[in-house]
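Coordinates from model_6.pdb are shown below (PDB, C-alpha atoms, pLDDT in the B column).
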MODEL        1
ATOM      1  CA  MET A   1       0.000   0.000   0.000  1.00 67.00           C
ATOM      2  CA  LYS A   2       2.892   2.365   0.790  1.00 64.00           C
ATOM      3  CA  ASN A   3       4.311   1.680  -2.688  1.00 66.00           C
ATOM      4  CA  CYS A   4       1.040   2.810  -4.258  1.00 60.00           C
ATOM      5  CA  TYR A   5       1.146   6.104  -2.349  1.00 60.00           C
ATOM      6  CA  LEU A   6       4.789   6.610  -3.307  1.00 60.00           C
ATOM      7  CA  ILE A   7       4.039   6.064  -7.008  1.00 68.00           C
ATOM      8  CA  LEU A   8       1.047   8.415  -6.911  1.00 58.00           C
ATOM      9  CA  THR A   9       3.118  11.072  -5.125  1.00 63.00           C
ATOM     10  CA  LEU A  10       5.875  10.787  -7.726  1.00 61.00           C
ATOM     11  CA  LEU A  11       3.341  10.976 -10.560  1.00 57.00           C
ATOM     12  CA  PHE A  12       1.733  14.150  -9.220  1.00 58.00           C
ATOM     13  CA  THR A  13       5.160  15.684  -8.553  1.00 61.00           C
ATOM     14  CA  VAL A  14       6.257  15.057 -12.136  1.00 57.00           C
ATOM     15  CA  ILE A  15       3.018  16.497 -13.499  1.00 63.00           C
ATOM     16  CA  ALA A  16       3.375  19.564 -11.283  1.00 59.00           C
ATOM     17  CA  LEU A  17       6.974  20.104 -12.390  1.00 57.00           C
ATOM     18  CA  ALA A  18       5.988  19.683 -16.024  1.00 58.00           C
ATOM     19  CA  GLN A  19       3.551  22.584 -15.660  1.00 56.00           C
ATOM     20  CA  GLU A  20       6.310  25.238 -15.473  1.00 51.00           C
ATOM     21  CA  PRO A  21       5.342  28.710 -16.674  1.00 45.00           C
ATOM     22  CA  LYS A  22       5.501  29.252 -20.435  1.00 41.00           C
ATOM     23  CA  ALA A  23       7.009  32.411 -21.873  1.00 43.00           C
ATOM     24  CA  SER A  24       4.456  32.725 -24.666  1.00 53.00           C
ATOM     25  CA  GLY A  25       1.606  30.483 -23.541  1.00 68.00           C
ATOM     26  CA  ASP A  26      -0.010  27.303 -24.780  1.00 88.00           C
ATOM     27  CA  ILE A  27       0.007  26.251 -28.450  1.00 92.00           C
ATOM     28  CA  ASP A  28      -3.098  27.438 -30.320  1.00 91.00           C
ATOM     29  CA  GLY A  29      -5.400  24.651 -31.538  1.00 93.00           C
ATOM     30  CA  PHE A  30      -3.340  21.921 -29.837  1.00 95.00           C
ATOM     31  CA  THR A  31      -4.959  18.466 -30.012  1.00 94.00           C
ATOM     32  CA  LEU A  32      -3.556  15.079 -29.034  1.00 95.00           C
ATOM     33  CA  TYR A  33      -5.405  11.890 -29.945  1.00 95.00           C
ATOM     34  CA  PRO A  34      -6.034   9.057 -29.299  1.00 95.00           C
ATOM     35  CA  ASN A  35      -5.213   9.226 -25.631  1.00 93.00           C
ATOM     36  CA  PRO A  36      -4.908   6.542 -24.312  1.00 95.00           C
ATOM     37  CA  VAL A  37      -2.784   5.226 -27.181  1.00 95.00           C
ATOM     38  CA  THR A  38      -3.622   1.638 -28.176  1.00 93.00           C
ATOM     39  CA  ASN A  39      -2.141   1.206 -31.658  1.00 93.00           C
ATOM     40  CA  GLY A  40       1.352   2.680 -31.147  1.00 93.00           C
ATOM     41  CA  LYS A  41       0.551   5.942 -32.947  1.00 95.00           C
ATOM     42  CA  VAL A  42      -0.591   9.304 -31.666  1.00 96.00           C
ATOM     43  CA  TYR A  43      -1.574  12.374 -33.676  1.00 96.00           C
ATOM     44  CA  VAL A  44      -0.446  15.846 -32.630  1.00 96.00           C
ATOM     45  CA  ASN A  45      -2.195  18.727 -34.395  1.00 95.00           C
ATOM     46  CA  THR A  46      -1.909  22.483 -33.974  1.00 94.00           C
ATOM     47  CA  ALA A  47      -3.478  25.496 -35.645  1.00 94.00           C
ATOM     48  CA  GLU A  48      -0.208  26.498 -37.367  1.00 92.00           C
ATOM     49  CA  ASN A  49       0.869  22.917 -38.198  1.00 91.00           C
ATOM     50  CA  ALA A  50       4.522  24.062 -38.081  1.00 94.00           C
ATOM     51  CA  PRO A  51       7.429  21.670 -37.330  1.00 95.00           C
ATOM     52  CA  LYS A  52       7.418  20.640 -33.672  1.00 95.00           C
ATOM     53  CA  THR A  53       9.821  19.147 -31.168  1.00 96.00           C
ATOM     54  CA  VAL A  54       8.213  16.394 -29.103  1.00 96.00           C
ATOM     55  CA  LEU A  55       9.669  15.360 -25.753  1.00 97.00           C
ATOM     56  CA  ILE A  56       8.290  12.452 -23.719  1.00 97.00           C
ATOM     57  CA  PHE A  57       9.158  11.873 -20.062  1.00 98.00           C
ATOM     58  CA  ASP A  58       8.385   8.904 -17.814  1.00 96.00           C
ATOM     59  CA  VAL A  59       6.774   9.366 -14.384  1.00 93.00           C
ATOM     60  CA  LEU A  60      10.196   9.779 -12.776  1.00 95.00           C
ATOM     61  CA  GLY A  61      10.987  12.741 -15.032  1.00 95.00           C
ATOM     62  CA  THR A  62      13.495  10.920 -17.225  1.00 96.00           C
ATOM     63  CA  GLN A  63      13.335  11.867 -20.899  1.00 97.00           C
ATOM     64  CA  VAL A  64      12.569   8.690 -22.873  1.00 97.00           C
ATOM     65  CA  LEU A  65      11.941  10.144 -26.342  1.00 96.00           C
ATOM     66  CA  GLN A  66      12.781  13.242 -28.372  1.00 97.00           C
ATOM     67  CA  ARG A  67      11.643  13.661 -31.969  1.00 96.00           C
ATOM     68  CA  LYS A  68      11.228  16.383 -34.553  1.00 96.00           C
ATOM     69  CA  LEU A  69       7.710  16.148 -35.947  1.00 95.00           C
ATOM     70  CA  ILE A  70       6.907  17.680 -39.326  1.00 94.00           C
ATOM     71  CA  GLY A  71       3.492  16.093 -39.926  1.00 91.00           C
ATOM     72  CA  SER A  72       1.049  15.067 -37.231  1.00 94.00           C
ATOM     73  CA  GLU A  73       1.662  11.308 -36.786  1.00 95.00           C
ATOM     74  CA  LEU A  74       4.058  10.215 -34.036  1.00 95.00           C
ATOM     75  CA  SER A  75       5.036   6.558 -33.625  1.00 95.00           C
ATOM     76  CA  LEU A  76       5.296   5.418 -30.003  1.00 95.00           C
ATOM     77  CA  SER A  77       5.872   1.715 -30.645  1.00 92.00           C
ATOM     78  CA  ASP A  78       9.258   1.919 -28.852  1.00 91.00           C
ATOM     79  CA  LEU A  79       7.623   2.841 -25.535  1.00 95.00           C
ATOM     80  CA  ASP A  80       6.220   0.405 -22.982  1.00 95.00           C
ATOM     81  CA  ALA A  81       2.685   0.680 -21.648  1.00 95.00           C
ATOM     82  CA  GLY A  82       2.380   3.290 -18.925  1.00 96.00           C
ATOM     83  CA  VAL A  83       1.828   6.931 -18.055  1.00 97.00           C
ATOM     84  CA  TYR A  84       4.063   9.590 -19.590  1.00 97.00           C
ATOM     85  CA  ILE A  85       4.334  13.368 -19.828  1.00 97.00           C
ATOM     86  CA  LEU A  86       4.327  14.716 -23.403  1.00 97.00           C
ATOM     87  CA  ARG A  87       5.772  18.155 -24.118  1.00 97.00           C
ATOM     88  CA  VAL A  88       5.376  19.733 -27.565  1.00 96.00           C
ATOM     89  CA  ILE A  89       7.373  22.810 -28.569  1.00 96.00           C
ATOM     90  CA  GLU A  90       6.258  24.736 -31.653  1.00 95.00           C
ATOM     91  CA  LYS A  91       8.090  27.982 -32.448  1.00 92.00           C
ATOM     92  CA  ASP A  92       8.040  29.893 -29.130  1.00 91.00           C
ATOM     93  CA  LYS A  93       5.057  28.072 -27.577  1.00 94.00           C
ATOM     94  CA  VAL A  94       4.848  24.937 -25.432  1.00 95.00           C
ATOM     95  CA  ALA A  95       2.078  22.468 -24.583  1.00 95.00           C
ATOM     96  CA  THR A  96       2.375  19.789 -21.890  1.00 95.00           C
ATOM     97  CA  ARG A  97      -0.081  16.912 -21.487  1.00 96.00           C
ATOM     98  CA  LYS A  98      -0.391  13.553 -19.779  1.00 96.00           C
ATOM     99  CA  LEU A  99      -0.044  10.634 -22.222  1.00 97.00           C
ATOM    100  CA  ILE A 100      -1.246   7.107 -21.507  1.00 96.00           C
ATOM    101  CA  ILE A 101      -0.011   4.136 -23.532  1.00 96.00           C
ATOM    102  CA  LYS A 102      -1.912   0.848 -23.225  1.00 93.00           C
TER
ENDMDL
END

As structure tokens:
Amino acid sequence: MKNCYLILTLLFTVIALAQEPKASGDIDGFTLYPNPVTNGKVYVNTAENAPKTVLIFDVLGTQVLQRKLIGSELSLSDLDAGVYILRVIEKDKVATRKLIIK
């Protein structure tokens, strides 16, 4: 039972740290689907549809993936099932979301 509380505490800490203030705000028209991911692919769309940098962190805050994304389809087949933090950087704007992979 103590392990469960420890994991939940770590998860909320990582999410809180991932919500650092943004210089220019959230990305306009940001959508992420499907979430939870079941087929190994996720689609990241924005209003500008400009090239993006995608960073994915595990619940301990370790970066597990970094990719440049030109389209909208991102393959996540290299990642194990679990809860992650996804950060998308487009031009001078940033969006951070929770990502679940089943």

Quiz item: Any chance you could work out the residue set of the PyMOL selection byres ((chain A and resi 85-100) around 6) here, as a PyMOL selection string?
Solution: chain A and resi 24-27+36+52-57+82-84+101

Quiz prompt | Length of the atom CA of A:Asp78 to atom CA of A:Asn39 vector [Å] | solution =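 Going from atom CA of A:Asp78 over to atom CA of A:Asn39 covers 11.8 Å.
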
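Interatomic distance, atom CA of A:Thr46 to atom CA of A:Lys68: 14.5 Å.
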
Exercise. Between A:Pro51, A:Phe30, A:Asn45, A:Val64, single out the one closest to A:Leu76, counting all atoms listed in the file.
Key: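 Using all atoms listed in the file, A:Leu76 sits closest to A:Val64.
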
Quiz item: Looking at A:Leu32, A:Val42, A:Val37, A:Val59, which one is nearest to A:Glu73, with distances taken over all atoms listed in the file?
Solution: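 Smallest separation from A:Glu73 among the options: A:Val42.
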
Generate the missing atoms of stretch 74-98 of chain A up to N, CA, C and O atoms and report them as a PDB file, keeping the file's coordinate frame.
ATOM      1  N   LEU A  74       2.887  10.540 -34.837  1.00 95.00           N
ATOM      2  CA  LEU A  74       4.058  10.215 -34.036  1.00 95.00           C
ATOM      3  C   LEU A  74       3.974   8.745 -33.633  1.00 95.00           C
ATOM      4  O   LEU A  74       2.996   8.319 -33.021  1.00 95.00           O
ATOM      5  N   SER A  75       4.993   7.973 -33.980  1.00 95.00           N
ATOM      6  CA  SER A  75       5.036   6.558 -33.625  1.00 95.00           C
ATOM      7  C   SER A  75       5.605   6.406 -32.220  1.00 95.00           C
ATOM      8  O   SER A  75       6.668   6.931 -31.899  1.00 95.00           O
ATOM      9  N   LEU A  76       4.880   5.664 -31.381  1.00 95.00           N
ATOM     10  CA  LEU A  76       5.296   5.418 -30.003  1.00 95.00           C
ATOM     11  C   LEU A  76       5.510   3.933 -29.738  1.00 95.00           C
ATOM     12  O   LEU A  76       5.466   3.492 -28.598  1.00 95.00           O
ATOM     13  N   SER A  77       5.744   3.164 -30.787  1.00 92.00           N
ATOM     14  CA  SER A  77       5.872   1.715 -30.645  1.00 92.00           C
ATOM     15  C   SER A  77       7.092   1.316 -29.820  1.00 92.00           C
ATOM     16  O   SER A  77       7.152   0.197 -29.310  1.00 92.00           O
ATOM     17  N   ASP A  78       8.068   2.220 -29.651  1.00 91.00           N
ATOM     18  CA  ASP A  78       9.258   1.919 -28.852  1.00 91.00           C
ATOM     19  C   ASP A  78       9.003   2.008 -27.350  1.00 91.00           C
ATOM     20  O   ASP A  78       9.811   1.536 -26.563  1.00 91.00           O
ATOM     21  N   LEU A  79       7.898   2.625 -26.953  1.00 95.00           N
ATOM     22  CA  LEU A  79       7.623   2.841 -25.535  1.00 95.00           C
ATOM     23  C   LEU A  79       6.755   1.731 -24.953  1.00 95.00           C
ATOM     24  O   LEU A  79       5.859   1.215 -25.616  1.00 95.00           O
ATOM     25  N   ASP A  80       7.027   1.398 -23.696  1.00 95.00           N
ATOM     26  CA  ASP A  80       6.220   0.405 -22.982  1.00 95.00           C
ATOM     27  C   ASP A  80       4.911   1.037 -22.523  1.00 95.00           C
ATOM     28  O   ASP A  80       4.782   2.261 -22.460  1.00 95.00           O
ATOM     29  N   ALA A  81       3.951   0.191 -22.177  1.00 95.00           N
ATOM     30  CA  ALA A  81       2.685   0.680 -21.648  1.00 95.00           C
ATOM     31  C   ALA A  81       2.946   1.428 -20.344  1.00 95.00           C
ATOM     32  O   ALA A  81       3.816   1.048 -19.557  1.00 95.00           O
ATOM     33  N   GLY A  82       2.215   2.518 -20.147  1.00 96.00           N
ATOM     34  CA  GLY A  82       2.380   3.290 -18.925  1.00 96.00           C
ATOM     35  C   GLY A  82       1.904   4.715 -19.081  1.00 96.00           C
ATOM     36  O   GLY A  82       1.293   5.075 -20.081  1.00 96.00           O
ATOM     37  N   VAL A  83       2.214   5.527 -18.077  1.00 97.00           N
ATOM     38  CA  VAL A  83       1.828   6.931 -18.055  1.00 97.00           C
ATOM     39  C   VAL A  83       3.077   7.766 -18.315  1.00 97.00           C
ATOM     40  O   VAL A  83       4.127   7.532 -17.709  1.00 97.00           O
ATOM     41  N   TYR A  84       2.953   8.736 -19.200  1.00 97.00           N
ATOM     42  CA  TYR A  84       4.063   9.590 -19.590  1.00 97.00           C
ATOM     43  C   TYR A  84       3.617  11.044 -19.601  1.00 97.00           C
ATOM     44  O   TYR A  84       2.417  11.337 -19.597  1.00 97.00           O
ATOM     45  N   ILE A  85       4.591  11.943 -19.650  1.00 97.00           N
ATOM     46  CA  ILE A  85       4.334  13.368 -19.828  1.00 97.00           C
ATOM     47  C   ILE A  85       4.844  13.731 -21.220  1.00 97.00           C
ATOM     48  O   ILE A  85       5.995  13.468 -21.554  1.00 97.00           O
ATOM     49  N   LEU A  86       3.976  14.323 -22.042  1.00 97.00           N
ATOM     50  CA  LEU A  86       4.327  14.716 -23.403  1.00 97.00           C
ATOM     51  C   LEU A  86       4.444  16.226 -23.450  1.00 97.00           C
ATOM     52  O   LEU A  86       3.546  16.942 -23.012  1.00 97.00           O
ATOM     53  N   ARG A  87       5.561  16.717 -23.967  1.00 97.00           N
ATOM     54  CA  ARG A  87       5.772  18.155 -24.118  1.00 97.00           C
ATOM     55  C   ARG A  87       6.026  18.439 -25.592  1.00 97.00           C
ATOM     56  O   ARG A  87       6.896  17.825 -26.205  1.00 97.00           O
ATOM     57  N   VAL A  88       5.248  19.352 -26.159  1.00 96.00           N
ATOM     58  CA  VAL A  88       5.376  19.733 -27.565  1.00 96.00           C
ATOM     59  C   VAL A  88       5.805  21.188 -27.618  1.00 96.00           C
ATOM     60  O   VAL A  88       5.204  22.051 -26.968  1.00 96.00           O
ATOM     61  N   ILE A  89       6.857  21.452 -28.399  1.00 96.00           N
ATOM     62  CA  ILE A  89       7.373  22.810 -28.569  1.00 96.00           C
ATOM     63  C   ILE A  89       7.220  23.177 -30.039  1.00 96.00           C
ATOM     64  O   ILE A  89       7.734  22.474 -30.907  1.00 96.00           O
ATOM     65  N   GLU A  90       6.473  24.248 -30.294  1.00 95.00           N
ATOM     66  CA  GLU A  90       6.258  24.736 -31.653  1.00 95.00           C
ATOM     67  C   GLU A  90       6.555  26.229 -31.669  1.00 95.00           C
ATOM     68  O   GLU A  90       5.867  27.004 -31.006  1.00 95.00           O
ATOM     69  N   LYS A  91       7.610  26.594 -32.414  1.00 92.00           N
ATOM     70  CA  LYS A  91       8.090  27.982 -32.448  1.00 92.00           C
ATOM     71  C   LYS A  91       8.411  28.421 -31.022  1.00 92.00           C
ATOM     72  O   LYS A  91       9.256  27.830 -30.387  1.00 92.00           O
ATOM     73  N   ASP A  92       7.741  29.423 -30.480  1.00 91.00           N
ATOM     74  CA  ASP A  92       8.040  29.893 -29.130  1.00 91.00           C
ATOM     75  C   ASP A  92       6.971  29.486 -28.116  1.00 91.00           C
ATOM     76  O   ASP A  92       6.907  30.043 -27.034  1.00 91.00           O
ATOM     77  N   LYS A  93       6.140  28.500 -28.463  1.00 94.00           N
ATOM     78  CA  LYS A  93       5.057  28.072 -27.577  1.00 94.00           C
ATOM     79  C   LYS A  93       5.238  26.615 -27.169  1.00 94.00           C
ATOM     80  O   LYS A  93       5.827  25.824 -27.892  1.00 94.00           O
ATOM     81  N   VAL A  94       4.680  26.276 -25.995  1.00 95.00           N
ATOM     82  CA  VAL A  94       4.848  24.937 -25.432  1.00 95.00           C
ATOM     83  C   VAL A  94       3.499  24.431 -24.933  1.00 95.00           C
ATOM     84  O   VAL A  94       2.708  25.181 -24.372  1.00 95.00           O
ATOM     85  N   ALA A  95       3.258  23.129 -25.140  1.00 95.00           N
ATOM     86  CA  ALA A  95       2.078  22.468 -24.583  1.00 95.00           C
ATOM     87  C   ALA A  95       2.550  21.211 -23.872  1.00 95.00           C
ATOM     88  O   ALA A  95       3.387  20.475 -24.391  1.00 95.00           O
ATOM     89  N   THR A  96       2.018  20.967 -22.681  1.00 95.00           N
ATOM     90  CA  THR A  96       2.375  19.789 -21.890  1.00 95.00           C
ATOM     91  C   THR A  96       1.093  19.050 -21.525  1.00 95.00           C
ATOM     92  O   THR A  96       0.146  19.656 -21.043  1.00 95.00           O
ATOM     93  N   ARG A  97       1.098  17.731 -21.774  1.00 96.00           N
ATOM     94  CA  ARG A  97      -0.081  16.912 -21.487  1.00 96.00           C
ATOM     95  C   ARG A  97       0.346  15.556 -20.924  1.00 96.00           C
ATOM     96  O   ARG A  97       1.443  15.086 -21.172  1.00 96.00           O
ATOM     97  N   LYS A  98      -0.586  14.921 -20.236  1.00 96.00           N
ATOM     98  CA  LYS A  98      -0.391  13.553 -19.779  1.00 96.00           C
ATOM     99  C   LYS A  98      -0.695  12.625 -20.952  1.00 96.00           C
ATOM    100  O   LYS A  98      -1.666  12.840 -21.677  1.00 96.00           O
TER     101      LYS A  98
END
